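Below is query14.txt, holding compact mmCIF, C-alpha atoms.
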```
# COMPACT_ATOMS: atom_id res chain seq x y z
CA MET A 1 -17.23 -11.00 17.86
CA ILE A 2 -15.51 -7.98 16.32
CA VAL A 3 -12.61 -6.40 18.20
CA VAL A 4 -11.78 -2.74 17.70
CA VAL A 5 -8.34 -1.75 18.98
CA GLY A 6 -8.24 1.88 20.09
CA ALA A 7 -10.88 4.21 21.55
CA GLY A 8 -10.00 7.40 19.73
CA ILE A 9 -12.63 9.15 17.63
CA THR A 10 -12.19 6.60 14.82
CA GLY A 11 -12.56 3.54 17.03
CA LEU A 12 -15.56 5.00 18.84
CA ALA A 13 -17.23 5.99 15.56
CA ILE A 14 -16.73 2.44 14.29
CA GLY A 15 -18.25 1.21 17.54
CA HIS A 16 -21.39 3.26 16.94
CA GLU A 17 -21.69 1.97 13.37
CA LEU A 18 -21.38 -1.60 14.67
CA LEU A 19 -23.89 -0.88 17.43
CA GLU A 20 -26.48 0.33 14.92
CA SER A 21 -25.90 -2.81 12.83
CA GLY A 22 -26.53 -5.08 15.81
CA ALA A 23 -23.05 -6.62 15.64
CA ASP A 24 -21.29 -8.16 18.64
CA PHE A 25 -18.17 -6.11 19.34
CA ILE A 26 -15.81 -4.71 21.94
CA ILE A 27 -13.43 -1.73 21.89
CA LEU A 28 -10.12 -2.22 23.69
CA GLU A 29 -8.19 0.89 24.74
CA ALA A 30 -4.69 0.72 26.17
CA SER A 31 -4.88 3.94 28.21
CA ASP A 32 -7.23 5.00 31.00
CA ARG A 33 -9.09 7.52 28.82
CA VAL A 34 -10.88 7.69 25.48
CA GLY A 35 -10.32 10.20 22.70
CA GLY A 36 -6.78 9.52 21.52
CA VAL A 37 -5.31 12.79 20.27
CA VAL A 38 -8.53 14.61 21.19
CA GLN A 39 -7.56 15.69 24.68
CA SER A 40 -8.80 18.56 26.84
CA GLY A 41 -8.31 19.81 30.39
CA LYS A 42 -8.10 22.87 32.59
CA VAL A 43 -5.10 24.95 33.59
CA GLY A 44 -6.27 27.41 36.19
CA GLU A 45 -9.48 28.95 34.87
CA HIS A 46 -8.69 28.10 31.25
CA VAL A 47 -10.11 25.18 29.23
CA LEU A 48 -7.33 23.93 26.95
CA ASP A 49 -7.28 21.53 24.02
CA TRP A 50 -4.04 19.66 23.37
CA GLY A 51 -5.22 18.17 20.10
CA PRO A 52 -7.83 19.48 17.62
CA GLN A 53 -8.87 22.97 18.68
CA ARG A 54 -12.29 22.98 17.03
CA GLY A 55 -14.56 21.22 14.58
CA ARG A 56 -16.94 22.36 11.84
CA LEU A 57 -20.64 22.20 12.65
CA THR A 58 -21.99 20.73 9.43
CA PRO A 59 -25.62 19.52 9.42
CA ASP A 60 -24.39 15.94 9.88
CA PHE A 61 -22.28 16.93 12.84
CA ARG A 62 -25.12 18.92 14.36
CA GLU A 63 -27.15 15.71 14.37
CA ARG A 64 -24.31 13.89 16.10
CA VAL A 65 -24.11 16.55 18.80
CA THR A 66 -27.79 15.92 19.57
CA LYS A 67 -27.39 12.14 19.30
CA PHE A 68 -24.66 12.14 21.93
CA GLY A 69 -26.56 14.48 24.27
CA LEU A 70 -24.18 17.43 23.95
CA ASP A 71 -26.59 20.21 22.91
CA ASP A 72 -26.36 22.02 26.24
CA GLU A 73 -22.54 21.96 26.14
CA LEU A 74 -22.12 23.14 22.56
CA LEU A 75 -20.17 26.32 21.76
CA VAL A 76 -20.59 27.74 18.26
CA ALA A 77 -18.39 30.51 16.87
CA GLU A 78 -19.75 33.49 14.98
CA THR A 79 -20.00 32.76 11.27
CA ASN A 80 -18.45 36.06 10.17
CA LEU A 81 -15.07 35.50 11.81
CA GLY A 82 -12.36 35.66 9.19
CA LEU A 83 -8.79 34.43 8.96
CA LEU A 84 -5.55 36.38 8.99
CA ILE A 85 -2.13 35.86 7.47
CA TYR A 86 1.05 37.28 8.97
CA HIS A 87 2.96 38.69 6.00
CA ASP A 88 5.42 41.51 5.45
CA GLY A 89 5.38 42.65 9.06
CA GLY A 90 1.64 42.63 9.75
CA LEU A 91 -1.57 40.66 10.12
CA ARG A 92 -3.67 40.89 6.98
CA ARG A 93 -7.17 39.71 6.08
CA VAL A 94 -7.49 36.57 3.96
CA PRO A 95 -9.83 37.11 0.99
CA PHE A 96 -12.74 34.70 0.57
CA SER A 97 -14.30 36.20 -2.57
CA ILE A 98 -13.08 37.75 -5.81
CA PRO A 99 -13.88 41.35 -4.74
CA GLU A 100 -11.97 40.81 -1.48
CA MET A 101 -8.85 39.87 -3.48
CA PHE A 102 -8.71 43.51 -4.60
CA THR A 103 -9.42 45.07 -1.21
CA THR A 104 -7.14 42.97 1.01
CA ASP A 105 -3.56 44.08 1.58
CA ALA A 106 -2.46 40.44 1.65
CA LEU A 107 -2.04 40.47 -2.14
CA SER A 108 -0.64 43.02 -4.52
CA LEU A 109 -2.75 44.11 -7.49
CA ARG A 110 -0.50 42.04 -9.73
CA GLY A 111 -0.93 39.00 -7.47
CA ALA A 112 -4.73 39.36 -7.49
CA ILE A 113 -4.84 39.68 -11.29
CA ARG A 114 -2.69 36.55 -11.59
CA VAL A 115 -5.24 34.63 -9.54
CA LEU A 116 -7.94 35.62 -12.05
CA LEU A 117 -6.03 33.77 -14.76
CA GLU A 118 -6.52 30.47 -12.93
CA PRO A 119 -9.46 29.19 -15.07
CA ILE A 120 -7.26 29.00 -18.17
CA THR A 121 -4.67 26.78 -16.46
CA ALA A 122 -4.73 23.00 -16.72
CA GLY A 123 -5.83 20.57 -14.05
CA PRO A 124 -3.48 18.34 -12.00
CA ARG A 125 -0.61 16.61 -13.76
CA ASP A 126 0.71 13.12 -13.12
CA ASN A 127 3.05 12.92 -10.12
CA GLU A 128 2.71 16.67 -9.50
CA ARG A 129 3.66 18.17 -6.14
CA VAL A 130 1.10 20.30 -4.34
CA ASP A 131 3.25 23.44 -4.40
CA ALA A 132 3.84 23.15 -8.16
CA TYR A 133 0.12 22.67 -8.77
CA PHE A 134 -0.89 25.77 -6.79
CA ARG A 135 1.89 27.90 -8.28
CA ARG A 136 0.63 27.00 -11.76
CA LYS A 137 -2.94 27.69 -10.79
CA VAL A 138 -2.85 30.92 -8.77
CA GLY A 139 0.71 32.21 -9.11
CA SER A 140 3.66 32.23 -6.74
CA GLU A 141 2.58 35.28 -4.74
CA ALA A 142 -0.84 33.89 -3.80
CA TYR A 143 0.70 30.50 -3.13
CA ASP A 144 3.52 31.72 -0.86
CA THR A 145 1.33 34.22 0.97
CA LEU A 146 -2.02 32.45 1.30
CA VAL A 147 -2.63 29.03 -0.21
CA GLY A 148 0.60 27.28 0.80
CA PRO A 149 0.59 28.30 4.49
CA PHE A 150 -3.06 27.37 4.98
CA PHE A 151 -2.97 24.05 3.11
CA GLY A 152 0.38 23.05 4.62
CA GLY A 153 -0.86 24.15 8.03
CA LEU A 154 -3.51 21.41 7.98
CA TYR A 155 -0.72 18.86 8.43
CA GLY A 156 2.25 20.93 9.58
CA SER A 157 3.80 20.01 6.22
CA ASN A 158 5.57 21.71 3.36
CA PRO A 159 3.38 21.35 0.23
CA ALA A 160 6.59 20.93 -1.78
CA ASP A 161 6.83 17.48 -0.16
CA MET A 162 3.19 16.54 -0.82
CA ASP A 163 1.68 14.69 -3.77
CA VAL A 164 -1.44 16.10 -5.45
CA GLU A 165 -3.00 12.68 -6.02
CA VAL A 166 -2.55 11.60 -2.41
CA ALA A 167 -2.95 14.79 -0.39
CA LEU A 168 -5.01 17.20 -2.49
CA ALA A 169 -7.11 15.38 -5.09
CA PRO A 170 -9.57 13.89 -2.54
CA ILE A 171 -10.16 17.36 -1.07
CA LEU A 172 -10.75 18.89 -4.52
CA SER A 173 -13.15 16.10 -5.38
CA ARG A 174 -15.22 16.61 -2.23
CA ALA A 175 -15.32 20.36 -2.93
CA GLY A 176 -16.64 19.72 -6.43
CA VAL A 177 -13.55 21.15 -8.12
CA ARG A 178 -12.87 19.65 -11.54
CA ARG A 179 -10.29 21.71 -13.39
CA SER A 180 -10.73 25.27 -12.13
CA LEU A 181 -10.57 26.38 -8.50
CA LEU A 182 -11.85 29.85 -9.37
CA ALA A 183 -14.84 28.58 -11.35
CA THR A 184 -16.06 26.86 -8.20
CA LEU A 185 -15.59 30.09 -6.24
CA ILE A 186 -17.47 32.12 -8.87
CA LYS A 187 -20.34 29.64 -8.77
CA ARG A 188 -20.59 29.91 -4.98
CA GLY A 189 -19.80 33.62 -4.78
CA ARG A 190 -17.69 33.17 -1.68
CA ILE A 191 -15.64 30.50 0.06
CA SER A 192 -17.68 29.55 3.10
CA ALA A 193 -17.61 26.81 5.67
CA ALA A 194 -19.79 25.57 8.48
CA PRO A 195 -19.23 27.49 11.74
CA ALA A 196 -16.53 26.36 14.12
CA PHE A 197 -17.63 24.56 17.26
CA SER A 198 -16.32 23.19 20.52
CA PHE A 199 -17.78 22.28 23.92
CA GLN A 200 -17.72 24.00 27.29
CA ASP A 201 -15.13 21.54 28.61
CA GLY A 202 -13.23 21.21 25.33
CA MET A 203 -13.28 18.90 22.34
CA GLU A 204 -12.68 15.79 24.46
CA ARG A 205 -16.33 15.91 25.50
CA LEU A 206 -17.21 14.43 22.10
CA PRO A 207 -15.33 11.12 22.52
CA GLN A 208 -16.35 10.98 26.18
CA ALA A 209 -20.03 11.20 25.25
CA MET A 210 -19.57 8.67 22.47
CA ALA A 211 -17.96 6.23 24.90
CA GLU A 212 -20.68 6.79 27.49
CA ALA A 213 -23.29 5.80 24.89
CA LEU A 214 -21.39 2.56 24.16
CA GLY A 215 -21.24 1.61 27.85
CA ASP A 216 -19.31 -1.52 28.78
CA ARG A 217 -18.49 -2.24 25.16
CA VAL A 218 -15.51 0.08 25.75
CA ARG A 219 -12.78 -1.35 27.97
CA LEU A 220 -10.07 0.98 29.24
CA GLY A 221 -6.66 -0.14 30.45
CA ALA A 222 -6.77 -3.07 28.02
CA PRO A 223 -3.69 -2.86 25.79
CA VAL A 224 -3.66 -5.33 22.90
CA GLU A 225 -0.11 -6.62 22.73
CA LEU A 226 -0.46 -9.41 20.18
CA ILE A 227 -2.71 -10.33 17.29
CA SER A 228 -2.59 -13.92 16.06
CA ALA A 229 -4.45 -15.92 13.43
CA THR A 230 -6.53 -19.04 14.05
CA ARG A 231 -8.39 -21.31 11.63
CA SER A 232 -11.66 -19.59 12.50
CA GLY A 233 -10.46 -15.99 12.64
CA TRP A 234 -8.22 -14.02 14.99
CA VAL A 235 -7.22 -13.70 18.62
CA ALA A 236 -6.32 -10.46 20.41
CA THR A 237 -4.10 -10.97 23.46
CA VAL A 238 -4.61 -8.29 26.11
CA GLY A 239 -1.98 -6.92 28.47
CA ASP A 240 0.09 -8.69 31.08
CA THR A 241 -2.84 -10.95 31.99
CA GLY A 242 -2.58 -12.75 28.68
CA GLU A 243 -6.36 -12.67 28.20
CA ARG A 244 -7.21 -14.00 24.73
CA ILE A 245 -10.26 -12.60 22.97
CA LYS A 246 -11.45 -14.51 19.91
CA ALA A 247 -12.65 -12.40 17.00
CA GLU A 248 -13.95 -12.91 13.49
CA GLN A 249 -12.59 -9.47 12.55
CA ILE A 250 -10.14 -7.06 14.15
CA VAL A 251 -10.02 -3.34 13.36
CA ILE A 252 -6.81 -1.58 14.39
CA ALA A 253 -7.85 2.04 14.97
CA THR A 254 -4.64 3.28 16.57
CA PRO A 255 -1.88 5.73 15.64
CA ALA A 256 0.31 4.50 12.79
CA LEU A 257 3.26 3.36 14.90
CA ALA A 258 1.04 1.31 17.22
CA ALA A 259 -0.69 -0.25 14.20
CA ALA A 260 2.66 -1.13 12.62
CA THR A 261 3.79 -2.81 15.85
CA LEU A 262 0.64 -4.94 16.08
CA LEU A 263 1.00 -6.04 12.46
CA GLU A 264 4.68 -7.01 12.61
CA HIS A 265 4.10 -10.78 12.79
CA GLN A 266 0.86 -11.23 10.86
CA ALA A 267 1.45 -8.67 8.08
CA PRO A 268 5.14 -7.70 8.04
CA ARG A 269 4.98 -5.95 4.67
CA ALA A 270 2.01 -3.83 5.72
CA SER A 271 3.75 -3.11 9.03
CA ALA A 272 6.86 -1.84 7.26
CA THR A 273 4.78 0.35 4.94
CA ILE A 274 2.92 1.97 7.83
CA ARG A 275 6.06 2.42 9.91
CA ALA A 276 7.70 4.34 7.05
CA LEU A 277 5.00 7.05 6.98
CA ASN A 278 6.38 10.42 8.06
CA HIS A 279 4.94 12.43 10.93
CA ASN A 280 5.58 16.09 11.69
CA PRO A 281 6.50 17.18 15.23
CA ILE A 282 4.27 19.98 16.52
CA ALA A 283 4.42 22.03 19.71
CA ILE A 284 1.22 23.60 21.02
CA VAL A 285 1.85 26.46 23.43
CA HIS A 286 -1.21 28.03 25.01
CA VAL A 287 -0.75 31.67 25.87
CA THR A 288 -2.85 34.39 27.46
CA ALA A 289 -2.87 37.92 26.06
CA ASP A 290 -5.01 41.03 25.68
CA LEU A 291 -5.80 40.88 21.97
CA ASP A 292 -9.12 41.54 20.26
CA ALA A 293 -8.64 40.69 16.60
CA ASP A 294 -12.13 39.54 15.50
CA ALA A 295 -10.78 36.47 13.69
CA MET A 296 -10.43 32.70 14.02
CA GLY A 297 -6.66 32.97 13.98
CA PHE A 298 -3.75 33.36 11.62
CA GLN A 299 -1.09 31.46 9.70
CA VAL A 300 2.42 32.67 8.94
CA ALA A 301 3.40 33.24 5.31
CA PHE A 302 6.24 31.19 3.85
CA ALA A 303 8.36 34.33 3.48
CA GLU A 304 8.54 34.27 7.29
CA SER A 305 10.14 30.81 7.32
CA HIS A 306 12.74 31.99 9.85
CA ARG A 307 9.98 31.96 12.46
CA ALA A 308 9.27 28.92 14.59
CA LEU A 309 5.66 30.06 14.90
CA ARG A 310 3.47 28.70 12.11
CA GLY A 311 0.02 29.75 13.28
CA VAL A 312 -2.27 30.76 16.15
CA THR A 313 -5.88 29.85 16.96
CA PHE A 314 -7.85 32.61 18.70
CA GLN A 315 -9.85 30.76 21.35
CA HIS A 316 -10.67 34.16 22.84
CA CYS A 317 -12.60 35.17 19.72
CA LEU A 318 -13.97 31.76 18.73
CA PHE A 319 -15.44 30.54 22.00
CA ASN A 320 -15.14 33.48 24.40
CA ARG A 321 -12.32 31.76 26.30
CA HIS A 322 -11.03 34.88 27.98
CA ARG A 323 -7.58 35.97 26.75
CA LEU A 324 -6.71 32.43 25.51
CA PHE A 325 -4.74 31.70 22.31
CA SER A 326 -3.19 28.47 20.99
CA ALA A 327 0.19 28.88 19.25
CA PHE A 328 1.58 26.17 16.95
CA LEU A 329 5.30 25.78 16.38
CA GLY A 330 7.48 23.37 14.43
CA GLY A 331 6.16 21.18 11.67
CA SER A 332 8.25 20.18 8.69
CA LEU A 333 9.56 23.74 8.21
CA ASN A 334 11.17 23.89 11.66
CA PRO A 335 11.02 20.45 13.33
CA ALA A 336 14.04 20.98 15.60
CA ILE A 337 12.28 23.59 17.75
CA VAL A 338 9.96 20.91 19.15
CA ASP A 339 12.97 19.21 20.77
CA ALA A 340 13.68 22.33 22.84
CA ASP A 341 12.85 22.26 26.54
CA ASP A 342 9.57 23.67 27.81
CA ALA A 343 11.08 26.96 28.93
CA LEU A 344 12.60 27.70 25.52
CA LEU A 345 9.41 26.70 23.70
CA ALA A 346 7.35 28.92 25.98
CA ASN A 347 9.74 31.83 25.52
CA THR A 348 9.82 31.38 21.73
CA ALA A 349 6.04 31.22 21.48
CA THR A 350 5.43 34.30 23.61
CA LYS A 351 8.11 36.36 21.85
CA GLU A 352 6.86 35.49 18.37
CA PHE A 353 3.25 35.97 19.42
CA GLU A 354 4.19 39.47 20.55
CA ASP A 355 6.20 40.11 17.36
CA THR A 356 3.30 39.13 15.11
CA THR A 357 0.35 40.58 17.05
CA GLY A 358 1.90 43.38 19.09
CA ALA A 359 0.32 42.00 22.27
CA PRO A 360 2.49 40.80 25.23
CA ALA A 361 1.71 37.18 26.12
CA GLU A 362 2.26 34.68 28.92
CA ALA A 363 2.62 30.93 28.28
CA ILE A 364 0.48 28.70 30.48
CA SER A 365 0.96 25.28 28.83
CA VAL A 366 3.46 23.52 26.56
CA TRP A 367 2.48 20.34 24.73
CA ARG A 368 4.10 18.21 22.04
CA THR A 369 2.38 16.03 19.50
CA GLN A 370 2.83 14.63 16.01
CA MET A 371 0.68 14.97 12.92
CA PRO A 372 0.54 12.61 9.93
CA ALA A 373 2.48 14.50 7.27
CA TRP A 374 0.55 13.25 4.23
CA ASP A 375 3.73 13.85 2.29
CA LEU A 376 5.36 11.74 -0.44
CA SER A 377 5.75 8.79 1.94
CA TRP A 378 1.95 8.39 1.80
CA ARG A 379 2.18 7.21 -1.81
CA ALA A 380 3.03 3.79 -0.36
CA LEU A 381 -0.47 3.42 1.10
CA LYS A 382 -1.82 2.76 -2.39
CA ASP A 383 -0.16 -0.66 -2.21
CA LEU A 384 -1.13 -1.46 1.39
CA ARG A 385 -2.61 -4.96 1.60
CA MET A 386 -4.09 -6.44 4.76
CA PRO A 387 -4.82 -10.09 5.63
CA VAL A 388 -8.49 -10.99 5.36
CA GLY A 389 -10.20 -10.14 8.62
CA LEU A 390 -7.70 -7.45 9.66
CA HIS A 391 -8.44 -3.78 9.03
CA VAL A 392 -6.70 -0.48 9.79
CA ALA A 393 -8.29 2.93 10.30
CA GLY A 394 -7.24 6.33 11.54
CA ASN A 395 -6.30 9.87 10.54
CA TRP A 396 -3.09 8.50 9.00
CA HIS A 397 -5.03 6.08 6.79
CA THR A 398 -7.71 8.28 5.22
CA ARG A 399 -8.82 11.89 5.37
CA ALA A 400 -7.78 13.73 8.53
CA GLY A 401 -10.30 15.73 10.57
CA LEU A 402 -13.52 14.80 12.33
CA PRO A 403 -15.69 14.37 9.19
CA GLY A 404 -13.05 12.03 7.81
CA ARG A 405 -13.12 9.91 10.94
CA PHE A 406 -16.88 9.34 10.74
CA ALA A 407 -16.74 8.73 6.99
CA GLU A 408 -14.04 6.11 7.42
CA ALA A 409 -16.01 4.48 10.24
CA LYS A 410 -18.85 3.87 7.80
CA SER A 411 -16.63 2.39 5.10
CA VAL A 412 -14.64 0.19 7.50
CA THR A 413 -17.80 -1.08 9.16
CA ALA A 414 -19.29 -1.95 5.76
CA SER A 415 -16.15 -3.93 4.95
CA VAL A 416 -16.15 -5.67 8.33
CA LEU A 417 -19.80 -6.66 8.13
CA GLY A 418 -19.40 -7.83 4.55
CA LEU A 419 -16.60 -10.16 5.55
CA SER A 420 -18.52 -11.30 8.60
CA THR A 421 -21.15 -12.81 6.31
CA GLN A 422 -18.54 -15.18 4.88
CA SER A 423 -17.73 -18.55 6.37
CA PRO A 424 -14.36 -18.94 8.20
CA ASP A 425 -13.02 -20.99 5.28
CA GLU A 426 -13.90 -18.21 2.82
CA GLN A 427 -12.17 -15.63 5.02
CA LEU A 428 -8.96 -17.67 5.07
```

In structure tokens, write the structure found in this file.
Amino acid sequence: MIVVVGAGITGLAIGHELLESGADFIILEASDRVGGVVQSGKVGEHVLDWGPQRGRLTPDFRERVTKFGLDDELLVAETNLGLLIYHDGGLRRVPFSIPEMFTTDALSLRGAIRVLLEPITAGPRDNERVDAYFRRKVGSEAYDTLVGPFFGGLYGSNPADMDVEVALAPILSRAGVRRSLLATLIKRGRISAAPAFSFQDGMERLPQAMAEALGDRVRLGAPVELISATRSGWVATVGDTGERIKAEQIVIATPALAAATLLEHQAPRASATIRALNHNPIAIVHVTADLDADAMGFQVAFAESHRALRGVTFQHCLFNRHRLFSAFLGGSLNPAIVDADDALLANTATKEFEDTTGAPAEAISVWRTQMPAWDLSWRALKDLRMPVGLHVAGNWHTRAGLPGRFAEAKSVTASVLGLSTQSPDEQL
């Protein structure tokens, strides 16, 4: 028996890998719902997401949509939607090709020419921060205006607090970047990505469909409160009932703090390492407004650091969700704003939405969450060691985002099944 703790996207993806391998397993979820941070619902006539706002419909993900029976619910954004940056008092188009660098008003001519010098700059240096790397590569103007806000926005972090080796190098490797960013762009002609997607009832439909396919292998309302070792493996103790489930392997696919708590007695050093990882507080304020901008959304340039608003996703344009926009506030640049009460957060979001877009807005939902920062504290994960038979997984452990969750599910499952072929004595 293999026990997976947590029925977020990671835990469910691991469940499907185990199912295809024919392994005996169960997924235990503390709450009464699946999906973890992927959470959707309706407020009035509006479908809202309180976690990831969209995914990217790569060929692999398109296959998963069909596999989980979600074809009829799929929403796919237009492929020609661009991105905007709020800079110097206005929304400006983000360039995705070399010619666009000279036609956008997001960069000065001098800033665009500086970007063209990137191929003669060196690759990453030892112990280099992400901001220093990008400033060397593309210049301070392009970094402060474009690259920094969009890369930092992935995590709500300040790239000055992020390590190239930990936070950026894996992304560059997957993109095929060796030394030069621009050489890769020249080869492709244009930065492009798979179209954005969601579902009619929001992103939570994905984990719901995944759980439905797993059937009674997913148990809700089953909080694992203790993990203990035995001579033949492990035992997971569930909830107030004290039910003990014997397992050869246990995969902890929970948020970092929950994982650290479960590991306190069996792996105290690993627990302390995980507990020390920084997370950024984020407020998501959904607003309604009359704004037709023909874009996926915008980020706010670092020169506008006095603003609590860091970015906005245009649900109205992406998925034809009438008049709906998702505003993000806080992060490492302004964490205190997230502690404000709902009324102040709503007022701040609507005022800054109006300041940046020119369109009056009305807040309809306020939500708070945390994002793994992937800052310098993540260096400690290189030395994370787990007892044989215990595994951790999640968006705090490897690459964030939906593709990263499915990729980690494959690697964790391979490790689990490899250990499961050993005898109990070998595992100990």

Find the residues near range 289-306 of chain A: any atom within 9 Å, counting all atoms listed in the file, skip ones fewer than 3 places away on the same chain, and give them as a PyMOL selection string.
chain A and resi 77+80-88+91-92+143-146+148-150+153+196+309-318+322-325+333-334+356-362

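Here CA of Ile113 in chain A and CA of Tyr133 in chain A stand 17.9 Å from one another.
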
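Every protein, DNA or RNA residue with an atom at most 9 Å from Gln370 in chain A, where all atoms listed in the file count and chain neighbours fewer than 5 positions away do not, is listed here: His279, Asn280, Pro281, Ile282, Ala283 and Gly331 of chain A.
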
Could you pull the residues within 10 Å of His397 in chain A, counting all atoms listed in the file, minus those fewer than 6 positions along the same chain, as a count of residues only?
10

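Atom pair CA of Pro59 in chain A / CA of Arg174 in chain A: separated by 15.9 Å.
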
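Compared by their closest atoms to Phe319 in chain A, and using all atoms listed in the file, the residues A:Ala169, A:Ile14, A:Leu19, A:Val47 rank with A:Val47 nearest.
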
Using only C-alpha atoms: which of A:Leu75, A:Leu116, A:Met1, A:Val34 has the shortest distance to Pro195 in chain A:
A:Leu75

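Using all atoms listed in the file, the nearest neighbour of Ala414 in chain A within the list A:Asp240, A:Glu20, A:Asp71, A:Asp201 is A:Glu20.
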
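Here the question is which of A:Gln208, A:Ser140, A:Gln39, A:Thr350 gets nearest to Gly51 in chain A using all atoms listed in the file, and that residue is A:Gln39.
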
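With distances restricted to all atoms listed in the file, A:Leu206 is the closest residue to Phe61 in chain A from A:Ala327, A:Ala259, A:Val412, A:Leu206.
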
Which one of A:Ala222, A:Ala122, A:Ala270, A:Ala106 sits closest to Gly242 in chain A if you count only C-alpha atoms?
A:Ala222

Atom pair CA of Phe25 in chain A + CA of Ala247 in chain A, distance 8.7 Å

Contacts of Gly15 in chain A within 10 Å, all atoms listed in the file, excl. fewer than 6 positions in-chain, as a list in words:
Ile2, Val3, Val4, Ala7, Ile9, Ser21, Ala23, Asp24, Phe25, Ile26, Ile27, Met210, Ala211, Leu214, Arg217, Val218, Ala409 and Thr413 of chain A

At a cut-off of 12 Å, using only C-alpha atoms, what residues contact Phe102 in chain A? Leave out same-chain residues fewer than 4 positions from it and give the result as a PyMOL selection string.
chain A and resi 93-98+106-116

Please write as number ranges by chain the list of polymer residues whose atoms come within 12 Å of (-3.2, -3.0, 16.0), counting all atoms listed in the file and keeping to the coordinates of the file.
A: 3-7, 11, 27-30, 223-228, 235-238, 249-267, 270-271, 274, 386, 390-394

Using all atoms listed in the file and a cutoff of 10 Å, can you tell me which residues are near (-12.3, 24.1, 31.0) in the file's coordinates, and write them out as number ranges by chain?
A: 40-49, 199-202, 321
